[in-house]
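data_35.txt (compact mmCIF, C-alpha atoms)
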```
# COMPACT_ATOMS: atom_id res chain seq x y z
CA MET A 1 123.26 -47.95 -77.30
CA ALA A 2 126.13 -46.01 -78.81
CA TRP A 3 124.03 -45.46 -81.94
CA ILE A 4 121.24 -43.86 -79.91
CA GLY A 5 123.71 -41.69 -78.00
CA GLY A 6 125.47 -40.59 -81.18
CA ALA A 7 122.25 -39.77 -83.01
CA SER A 8 120.93 -37.87 -79.98
CA ALA A 9 124.15 -35.85 -79.66
CA TRP A 10 124.16 -35.13 -83.41
CA MET A 11 120.57 -33.94 -83.32
CA TYR A 12 121.15 -31.82 -80.20
CA ILE A 13 124.22 -30.12 -81.66
CA SER A 14 122.54 -29.54 -85.03
CA VAL A 15 119.32 -28.10 -83.62
CA ARG A 16 121.25 -25.96 -81.13
CA ALA A 17 123.33 -24.50 -83.97
CA LEU A 18 120.17 -23.89 -86.01
CA LEU A 19 118.50 -22.03 -83.15
CA LYS A 20 121.66 -19.97 -82.65
CA THR A 21 121.65 -19.13 -86.36
CA ILE A 22 118.00 -18.11 -86.32
CA ASP A 23 118.29 -16.08 -83.11
CA THR A 24 120.69 -13.49 -84.50
CA GLY A 25 118.21 -10.67 -84.16
CA PRO A 26 115.56 -9.18 -86.44
CA GLN A 27 115.89 -10.37 -90.02
CA ASP A 28 113.85 -10.24 -93.14
CA VAL A 29 112.58 -13.49 -94.61
CA MET A 30 115.24 -13.77 -97.32
CA SER A 31 118.16 -13.31 -94.95
CA LEU A 32 116.61 -15.88 -92.60
CA PHE A 33 116.37 -18.40 -95.48
CA GLU A 34 120.00 -17.67 -96.40
CA SER A 35 121.11 -18.23 -92.79
CA VAL A 36 119.28 -21.56 -92.60
CA SER A 37 120.69 -22.58 -96.00
CA ASP A 38 124.24 -21.78 -94.82
CA TRP A 39 123.61 -23.77 -91.64
CA GLU A 40 122.33 -26.74 -93.67
CA GLU A 41 125.50 -26.79 -95.77
CA VAL A 42 127.64 -27.03 -92.63
CA HIS A 43 125.54 -29.32 -90.40
CA GLY A 44 123.50 -31.37 -92.81
CA ALA A 45 119.84 -31.97 -92.36
CA PRO A 46 118.71 -32.64 -88.76
CA VAL A 47 116.25 -35.09 -90.29
CA LEU A 48 118.92 -37.81 -90.48
CA PRO A 49 119.50 -38.20 -86.73
CA MET A 50 115.76 -37.93 -86.14
CA LEU A 51 115.19 -40.79 -88.58
CA ALA A 52 117.82 -42.83 -86.75
CA LEU A 53 116.05 -42.26 -83.44
CA ILE A 54 112.64 -43.05 -84.95
CA SER A 55 113.96 -46.31 -86.39
CA VAL A 56 115.34 -47.32 -83.00
CA GLY A 57 111.99 -46.44 -81.42
CA LEU A 58 110.16 -48.64 -83.94
CA TRP A 59 112.59 -51.46 -83.26
CA VAL A 60 111.97 -51.21 -79.52
CA ALA A 61 108.19 -51.04 -80.05
CA TYR A 62 108.30 -54.17 -82.23
CA ASP A 63 110.33 -56.05 -79.61
CA ALA A 64 107.94 -54.93 -76.87
CA ALA A 65 104.97 -56.19 -78.90
CA GLN A 66 106.72 -59.51 -79.40
CA LEU A 67 107.39 -59.73 -75.66
CA LEU A 68 103.77 -59.03 -74.78
CA ARG A 69 102.52 -61.62 -77.27
CA GLY A 70 104.97 -64.22 -75.94
CA LYS A 71 106.62 -64.55 -79.36
CA PHE A 72 110.07 -63.15 -78.48
CA LYS A 73 112.83 -65.61 -79.47
CA ASP A 74 116.37 -66.28 -78.27
CA GLY A 75 119.47 -66.61 -80.44
CA GLN A 76 118.59 -70.18 -81.48
CA GLY A 77 115.04 -69.20 -82.50
CA ARG A 78 113.32 -70.73 -79.46
CA PRO A 79 110.50 -68.71 -77.86
CA ILE A 80 111.39 -67.24 -74.47
CA THR A 81 108.71 -68.24 -72.00
CA ARG A 82 110.43 -67.84 -68.59
CA TRP A 83 112.04 -64.52 -67.73
CA ILE A 84 113.28 -65.28 -64.24
```

Do you think you could lay out the structure here as structure tokens?
Amino acid sequence: MAWIGGASAWMYISVRALLKTIDTGPQDVMSLFESVSDWEEVHGAPVLPMLALISVGLWVAYDAAQLLRGKFKDGQGRPITRWI
């Protein structure tokens, strides 16, 4: 859960800083590219936290599919058949 929260906060802060960088008023294309390049050097690529969130989403989707198929297993490898 902490991983999801950290990746979400990282992505929010990075994208917010990028939008602030872009919204500095009218610019020509080259100065806009330079602003984004400067932002990237400081914040890193926002792709990394997005990939972290996507991987968690895939993990959850896989577990949900296993639950629906009745193939979800406990710590000893036994299928879980009763939930309540």

*atom CA of Glu40 of chain A and atom CA of Leu18 of chain A are how many Å apart?*
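Value for the atom CA of Glu40 of chain A-atom CA of Leu18 of chain A distance: 8.5 Å.
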
_As an exercise, work out the distance from atom CA of Trp10 of chain A to atom CA of Glu34 of chain A in Å and give it to one decimal place._
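These atoms are spaced 22.2 Å apart.
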
*Atomic distance atom CA of Leu51 of chain A - atom CA of Trp39 of chain A, expressed in Å with one decimal*: 19.2 Å

*Which one is closest to Asp38 of chain A: A:Ile4, A:Lys71, A:Ala17, A:Val56? Count all atoms listed in the file.*
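Going through A:Ile4, A:Lys71, A:Ala17, A:Val56 one by one, the smallest distance to Asp38 of chain A is for A:Ala17.
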
_Could you list, as a ChimeraX atom specification, every residue within 12 Å of Ile80 of chain A, counting only C-alpha atoms and ignoring same-chain residues fewer than 3 positions away?_
/A:66-77,83-84

*Counting all atoms listed in the file, which residues come within 12 Å of (115.1, -40.5, -83.6), with the point read in the file's coordinates, and could you list them as a VMD selection string?*
chain A and resid 3 to 12 46 to 60
